[in-house]
Every structure is written in C-alpha cells, then in structure tokens.
file run.csv (CSV, C-alpha atoms)
chain,number,residue,atom,x,y,z
G,156,MET,CA,0.0,0.0,0.0
G,157,SER,CA,1.3,3.4,-0.9
G,158,GLN,CA,2.2,5.6,2.1
G,159,ILE,CA,1.5,8.8,0.1
G,160,GLY,CA,-1.2,10.9,1.8
G,161,VAL,CA,-1.3,8.7,5.0
G,162,VAL,CA,-1.4,10.7,8.2
G,163,ALA,CA,0.0,9.2,11.3
G,164,GLY,CA,-2.5,8.7,14.0
G,165,PRO,CA,-1.9,8.3,17.8
G,166,ALA,CA,0.5,5.6,18.8
G,167,GLY,CA,-1.0,2.1,18.5
G,168,ASP,CA,-3.8,3.2,16.2
G,169,GLY,CA,-1.9,2.5,12.9
G,170,PRO,CA,-2.0,4.7,9.9
G,171,THR,CA,-5.1,6.7,8.9
G,172,PRO,CA,-6.3,5.9,5.4
G,173,PRO,CA,-6.3,8.7,2.8
G,174,GLY,CA,-9.5,10.8,3.0
G,175,ALA,CA,-10.3,9.8,6.6
G,176,VAL,CA,-10.5,12.4,9.4
G,177,LYS,CA,-7.9,12.1,12.0
G,178,ASN,CA,-9.1,10.5,15.3
G,179,GLU,CA,-12.3,9.1,13.8
G,180,PRO,CA,-12.8,5.4,13.0
G,181,PRO,CA,-11.9,4.4,9.5
G,182,SER,CA,-14.5,3.2,7.1
G,183,SER,CA,-15.2,-0.5,6.5
G,184,GLN,CA,-12.7,-0.5,3.6
G,185,GLY,CA,-9.9,0.1,6.1
G,186,GLY,CA,-9.5,-1.6,9.4
G,187,GLU,CA,-7.3,-4.5,10.2
G,188,GLY,CA,-7.0,-5.6,6.6
G,189,ALA,CA,-5.6,-2.3,5.5
G,190,GLU,CA,-3.1,-2.3,8.4
G,191,ALA,CA,-2.1,-5.9,7.6
G,192,ASN,CA,-1.5,-5.1,3.9
G,193,GLY,CA,0.5,-2.1,4.9
G,194,ALA,CA,2.7,-4.1,7.2
G,195,ALA,CA,3.1,-6.8,4.5
G,196,ASP,CA,4.2,-4.3,1.9
G,197,THR,CA,7.0,-3.0,4.1
G,198,PRO,CA,10.2,-4.6,3.0
G,199,VAL,CA,12.5,-6.2,5.6
G,200,LYS,CA,16.0,-4.9,5.5
G,201,VAL,CA,18.6,-7.6,5.9
G,202,GLU,CA,22.1,-6.5,7.0
G,203,VAL,CA,24.9,-8.4,5.3
G,204,PRO,CA,28.2,-8.6,7.2
G,205,LYS,CA,30.9,-6.6,5.3
G,206,ASP,CA,33.2,-9.5,5.2
G,207,GLN,CA,30.6,-11.5,3.2
G,208,ILE,CA,30.1,-8.8,0.6
G,209,ARG,CA,31.6,-9.9,-2.8
G,210,PHE,CA,31.9,-7.7,-5.8
G,211,PRO,CA,30.0,-9.0,-8.9
G,212,GLU,CA,32.4,-10.7,-11.4
G,213,VAL,CA,30.7,-9.3,-14.4
G,214,PRO,CA,31.9,-6.9,-17.2
G,215,GLY,CA,31.3,-3.3,-16.4
G,216,THR,CA,31.9,-3.4,-12.6
G,217,THR,CA,35.3,-1.8,-13.1
G,218,LEU,CA,37.0,0.0,-15.9
G,219,SER,CA,39.2,-2.2,-18.1
G,220,LEU,CA,43.0,-2.0,-18.0
G,221,ARG,CA,44.8,-2.0,-21.4
G,222,LEU,CA,48.1,-1.2,-23.0
G,223,LEU,CA,48.5,1.4,-25.6
G,224,ASP,CA,51.5,1.4,-27.9
G,225,ASP,CA,52.6,3.2,-31.1
G,226,PHE,CA,50.5,6.1,-29.9
G,227,GLU,CA,50.3,9.8,-30.9
G,228,ILE,CA,48.6,12.6,-28.9
G,229,ARG,CA,47.3,15.3,-31.2
G,230,ASP,CA,45.3,18.6,-30.9
G,231,LYS,CA,41.6,17.8,-31.4
G,232,ARG,CA,41.1,21.1,-33.2
G,233,ASP,CA,43.9,20.3,-35.6
G,234,GLU,CA,44.6,16.6,-35.7
G,235,GLY,CA,47.7,17.1,-37.8
G,236,LYS,CA,49.4,18.8,-34.8
G,237,MET,CA,51.1,16.7,-32.2
G,238,VAL,CA,51.0,17.9,-28.6
G,239,GLY,CA,52.3,16.9,-25.2
G,240,LEU,CA,49.9,15.9,-22.4
G,241,GLU,CA,51.7,18.2,-19.9
G,242,THR,CA,51.1,21.3,-22.1
G,243,SER,CA,47.5,20.6,-23.2
G,244,ARG,CA,44.0,20.4,-21.7
G,245,VAL,CA,42.6,16.9,-21.9
G,246,ALA,CA,39.4,18.3,-23.5
G,247,ASN,CA,41.5,19.4,-26.4
G,248,VAL,CA,43.4,16.2,-27.2
G,249,VAL,CA,42.7,13.1,-29.3
G,250,VAL,CA,44.8,10.0,-29.1
G,251,PHE,CA,45.7,7.5,-31.8
G,252,GLY,CA,47.3,4.2,-31.0
G,253,LYS,CA,47.2,0.4,-31.0
G,254,ALA,CA,45.6,-1.1,-27.9
G,255,ARG,CA,46.0,-4.6,-26.4
G,256,LYS,CA,44.0,-6.3,-23.7
G,257,VAL,CA,45.8,-7.8,-20.8
G,258,VAL,CA,45.3,-10.9,-18.7
G,259,GLY,CA,42.5,-10.2,-16.3
G,260,GLY,CA,42.2,-6.6,-17.5
G,261,GLU,CA,38.5,-6.8,-18.3
G,262,HIS,CA,37.0,-8.4,-15.1
G,263,ASP,CA,39.6,-8.7,-12.3
G,264,ARG,CA,40.3,-6.1,-9.7
G,265,PRO,CA,43.0,-3.5,-10.6
G,266,HIS,CA,45.4,-4.5,-7.8
G,267,GLU,CA,45.3,-8.1,-9.1
G,268,VAL,CA,46.1,-7.1,-12.6
G,269,LEU,CA,48.9,-4.6,-11.7
G,270,SER,CA,50.8,-6.9,-9.3
G,271,GLY,CA,52.4,-10.3,-9.4
G,272,SER,CA,54.5,-12.0,-12.0
G,273,LYS,CA,51.9,-11.6,-14.8
G,274,ALA,CA,51.4,-7.9,-14.2
G,275,MET,CA,49.9,-6.3,-17.3
G,276,THR,CA,50.7,-9.3,-19.5
G,277,PRO,CA,49.1,-8.8,-22.9
G,278,LEU,CA,46.8,-11.4,-24.4
G,279,ASP,CA,48.1,-13.4,-27.2
G,280,LYS,CA,46.1,-11.4,-29.7
G,281,PRO,CA,47.2,-8.7,-32.2
G,282,PRO,CA,46.7,-5.1,-31.1
G,283,HIS,CA,43.8,-3.1,-32.7
G,284,PRO,CA,44.1,0.5,-33.8
G,285,LEU,CA,41.8,3.0,-32.1
G,286,LYS,CA,41.1,6.7,-31.7
G,287,LEU,CA,40.3,8.1,-28.3
G,288,SER,CA,38.3,11.2,-28.7
G,289,GLU,CA,37.1,11.6,-25.1
G,290,VAL,CA,40.0,11.5,-22.7
G,291,LEU,CA,38.8,12.3,-19.2
G,292,ASP,CA,42.1,12.6,-17.4
G,293,TRP,CA,45.6,11.4,-17.2
G,294,THR,CA,47.8,10.4,-14.3
G,295,VAL,CA,51.3,9.2,-13.5
G,296,SER,CA,52.3,6.0,-11.8
G,297,TYR,CA,55.8,6.4,-10.2
G,298,ALA,CA,56.6,2.7,-10.4
G,299,ASP,CA,60.0,1.6,-11.8
G,300,PRO,CA,60.0,2.8,-14.5
G,301,PRO,CA,57.3,5.4,-14.1
G,302,CYS,CA,54.5,5.4,-16.6
G,303,VAL,CA,51.6,7.5,-17.8
G,304,TRP,CA,47.9,6.4,-17.7
G,305,LEU,CA,45.0,7.8,-19.8
G,306,VAL,CA,41.5,7.6,-18.4
G,307,THR,CA,38.4,7.3,-20.6
G,308,LEU,CA,34.8,6.2,-20.0
G,309,ARG,CA,35.6,2.7,-21.0
G,310,ALA,CA,39.1,1.9,-19.8
G,311,TRP,CA,42.5,2.9,-18.3
G,312,TYR,CA,45.2,2.9,-20.9
G,313,ARG,CA,48.9,2.6,-19.9
G,314,LEU,CA,51.1,4.4,-22.4
G,315,GLY,CA,53.9,2.2,-23.6
G,316,ASN,CA,56.1,3.0,-26.6
G,317,PRO,CA,55.1,6.1,-28.7
G,318,SER,CA,55.2,6.0,-32.4
G,319,PRO,CA,58.6,7.1,-34.0
G,320,ALA,CA,57.0,10.3,-35.1
G,321,TYR,CA,55.8,11.1,-31.5
G,322,LEU,CA,59.0,10.1,-29.7
G,323,ARG,CA,60.4,13.5,-29.4
G,324,THR,CA,57.2,15.2,-28.3
G,325,PHE,CA,56.7,12.5,-25.6
G,326,ALA,CA,60.2,13.0,-24.2
G,327,GLY,CA,59.0,16.0,-22.2
G,328,ILE,CA,56.7,14.1,-19.9
G,329,GLN,CA,59.0,11.1,-19.8
G,330,ARG,CA,61.8,13.3,-18.5
G,331,ARG,CA,59.7,15.0,-15.9
G,332,THR,CA,58.3,11.8,-14.5
G,333,ARG,CA,61.8,10.3,-14.1
G,334,PHE,CA,63.0,13.5,-12.4
G,335,VAL,CA,60.1,13.4,-9.9
G,336,ARG,CA,60.6,9.7,-9.1
G,337,ALA,CA,64.4,10.2,-8.6
G,338,VAL,CA,63.8,13.2,-6.2
G,339,ALA,CA,61.0,11.4,-4.4
G,340,ALA,CA,63.3,8.5,-3.7
G,341,LYS,CA,65.9,10.8,-2.3
G,342,LEU,CA,63.3,12.5,-0.1
G,343,ARG,CA,62.3,9.1,1.4
G,344,GLU,CA,65.9,8.8,2.5
G,345,ASP,CA,66.3,12.3,3.7
G,346,PHE,CA,63.3,14.6,4.2
G,347,HIS,CA,65.7,17.6,4.5
G,348,LEU,CA,67.1,17.1,1.0
G,349,SER,CA,69.0,20.0,-0.3
G,350,CYS,CA,68.4,21.6,-3.7
G,351,ASP,CA,71.8,20.6,-4.8
G,352,ALA,CA,71.3,17.0,-3.9
G,353,ALA,CA,67.9,17.0,-5.7
G,354,LEU,CA,69.7,18.4,-8.8
G,355,ASP,CA,72.3,15.7,-8.6
G,356,ALA,CA,69.6,13.0,-8.4
G,357,MET,CA,67.9,14.4,-11.5
G,358,ALA,CA,71.3,14.6,-13.4
G,359,ALA,CA,71.9,10.9,-12.6
G,360,CYS,CA,68.7,9.9,-14.4
G,361,ASP,CA,69.0,8.1,-17.7
G,362,VAL,CA,68.4,10.2,-20.8
G,363,VAL,CA,65.1,9.5,-22.5
G,364,GLU,CA,65.3,8.4,-26.1
G,365,GLY,CA,63.3,11.2,-27.5
G,366,ASP,CA,65.7,13.8,-26.1
G,367,LEU,CA,68.5,12.3,-28.3
G,368,LEU,CA,66.6,13.4,-31.4
G,369,ASP,CA,67.3,17.0,-30.5
G,370,PRO,CA,70.8,17.9,-32.1
G,371,THR,CA,71.5,20.5,-29.4
G,372,PHE,CA,70.7,18.1,-26.6
G,373,ARG,CA,72.6,15.3,-28.3
G,374,GLY,CA,75.8,17.3,-28.4
G,375,ALA,CA,75.5,18.4,-24.8
G,376,HIS,CA,74.8,14.8,-23.7
G,377,ALA,CA,77.9,13.6,-25.6
G,378,ALA,CA,80.0,16.3,-23.9
G,379,ASN,CA,78.7,15.3,-20.5
G,380,VAL,CA,79.5,11.7,-21.1
G,381,ALA,CA,83.0,12.5,-22.3
G,382,ALA,CA,83.6,14.7,-19.2
G,383,LYS,CA,82.4,11.9,-16.8
G,384,GLU,CA,84.7,9.4,-18.5
G,385,ALA,CA,87.7,11.8,-18.3
G,386,ALA,CA,87.0,12.4,-14.6
G,387,ARG,CA,86.8,8.6,-14.0
G,388,ALA,CA,90.1,8.0,-15.8
G,389,GLU,CA,91.8,10.8,-13.8
G,390,ALA,CA,90.5,9.3,-10.6
G,391,GLU,CA,91.9,5.8,-11.5
G,392,LYS,CA,95.2,7.3,-12.5
G,393,ALA,CA,95.5,9.2,-9.2
G,394,ALA,CA,94.7,6.0,-7.3
call {"tool": "encode", "arguments": {"input": "run.csv", "output": "structure tokens"}}
result
Amino acid sequence: MSQIGVVAGPAGDGPTPPGAVKNEPPSSQGGEGAEANGAADTPVKVEVPKDQIRFPEVPGTTLSLRLLDDFEIRDKRDEGKMVGLETSRVANVVVFGKARKVVGGEHDRPHEVLSGSKAMTPLDKPPHPLKLSEVLDWTVSYADPPCVWLVTLRAWYRLGNPSPAYLRTFAGIQRRTRFVRAVAAKLREDFHLSCDAALDAMAACDVVEGDLLDPTFRGAHAANVAAKEAARAEAEKAA
C-alpha cells in the first residue's frame, strides 16, 4: 500500500487511510485488513556482514585496464598537430594508437592485474588500432620505470612505446616523471634534502630516447658523457 497521503495517528492506532478524518474510526474498507496489507508491503532490510560482501564478477563493474603502444597525442582542433599531455587540456586532445587487452584486465580487480609475475601481461592477440576522442584525465604511476595512464569512460590505458613520429614530443613528460621519481626516492631517504642534492639526483637519471633526437641536446649529452669518462680516468690514475 502506498504511504502517500497517509497521516500518522496516535501511537498504536496504525496509519489513517487517505480521506479519513484524524481521530475518527476508519471506514469499512480500512481496518485491520488495510493495516495488515500495509505491514506486509513494508520490505524487511537484511544486513549483510561486510566480510561477506563480494563484488560481482561481471563486465562493467570496473574500468578495463589496457596497453597502448605506437600512440600519438594530437590537438583535437587540428589533428595534424602533435602535442604533449603536460602542455594541453585533456578536453583538447585526441589519441591515436594500438591497444591490447591484458590478462584479467576486463574483469579482475585492478590490484590483481597490476601486481604479481603476470602484471599487465598482454593477451596473445594482435593489437587493434583505435582513436580516443574523449580522454577524461591522465595520471602518472611512479613505479619503476614510471608510466603514464590515460582515463576514458571505457578503460584505463597505460602508455607504452610512442610512435617514432611522436617520440620527441613524448620526451618532455617522460623526462619529468623520471626526475620526480628520482627526487621522491631521495626525499624518502632524507626529508631535509638540499636543492643541490635534488639536482644531482635528476642529473643521474637516464636520458630519455626522445631527447637524443634533438641535435643540441645530443651534443650536450655527448660532452657530459666524455667529461664523466675523463674524470673517472683521472681518478683511476690518481689512485
């Protein structure tokens, strides 16, 4: 029985049917039968212990986890222009790439897919090309090595190897994530890390492949490597 329009009567009198006057006997259509039906229509709430609650193992209960390789991130307003995630609004980017599903990535819990010996293991199927027009957000996982994830309505995509044409553009965010991870590791060792020590940690990071496509950077990197080698040789000679 619907409770809309029911006015509560005195304690113990039960509900007053719609149209009845409060504190007057109900008509013959009400009475005990109406009260019984009202009680029968009230659902009984059963509390389930939290340790017995299990998530449904069906598609759609979590976002899928997938790999994305040979990717390029472009300006949605001019798809011929490649852009970096760190310099663009996600609403203005479109992503092209080749996606692969991973073991357990469609149904399992994320922590089960991301950990263990089979973490993010691709299925034995060829990748399929796709175009992501609605990227909601992106984030960085500071694992070893650090990686970038894209978030869409359907799935999380871990960015792997960019296309050769996008390698240089992607170098910017790769370099930044490596710098942050290196400094964060030093901060865990010493919370009062000095600026010079942080710079030393960043200088010790491996050079990202895309940076080597820049002739100016390539020359500076070669000079730094030669200087380090000369210093090592001098130290050995002095010893």
call {"tool": "closest_residue", "arguments": {"input": "run.csv", "among": "G:Asp224, G:Asp366, G:Arg336, G:Ala353", "to": "Tyr297 in chain G", "atoms": "all atoms listed in the file"}}
result
G:Arg336
call {"tool": "atom_distance", "arguments": {"input": "run.csv", "atom1": "CA of Asp233 in chain G", "atom2": "CA of Val245 in chain G"}}
result
14.2 Å
call {"tool": "closest_residue", "arguments": {"input": "run.csv", "among": "G:Ser219, G:Trp304, G:Lys236, G:Asp299", "to": "Pro265 in chain G", "atoms": "only C-alpha atoms"}}
result
G:Ser219
call {"tool": "closest_residue", "arguments": {"input": "run.csv", "among": "G:His266, G:Val238, G:Leu348, G:Leu222", "to": "Arg323 in chain G", "atoms": "all atoms listed in the file"}}
result
G:Val238
call {"tool": "closest_residue", "arguments": {"input": "run.csv", "among": "G:Glu389, G:Ala246, G:Met237, G:Phe334", "to": "Asp361 in chain G", "atoms": "all atoms listed in the file"}}
result
G:Phe334
call {"tool": "atom_distance", "arguments": {"input": "run.csv", "atom1": "CA of Asp345 in chain G", "atom2": "CA of Gly327 in chain G"}}
result
27.2 Å
call {"tool": "residues_around", "arguments": {"input": "run.csv", "residues": "Ala326 in chain G", "least_positions_apart": "6", "cutoff": "10 Å", "atoms": "all atoms listed in the file", "output": "ChimeraX atom specification"}}
result
/G:239,317,332,362-368
call {"tool": "closest_residue", "arguments": {"input": "run.csv", "among": "G:Leu291, G:Ala356, G:Ala310, G:Leu220", "to": "Val248 in chain G", "atoms": "all atoms listed in the file"}}
result
G:Leu291
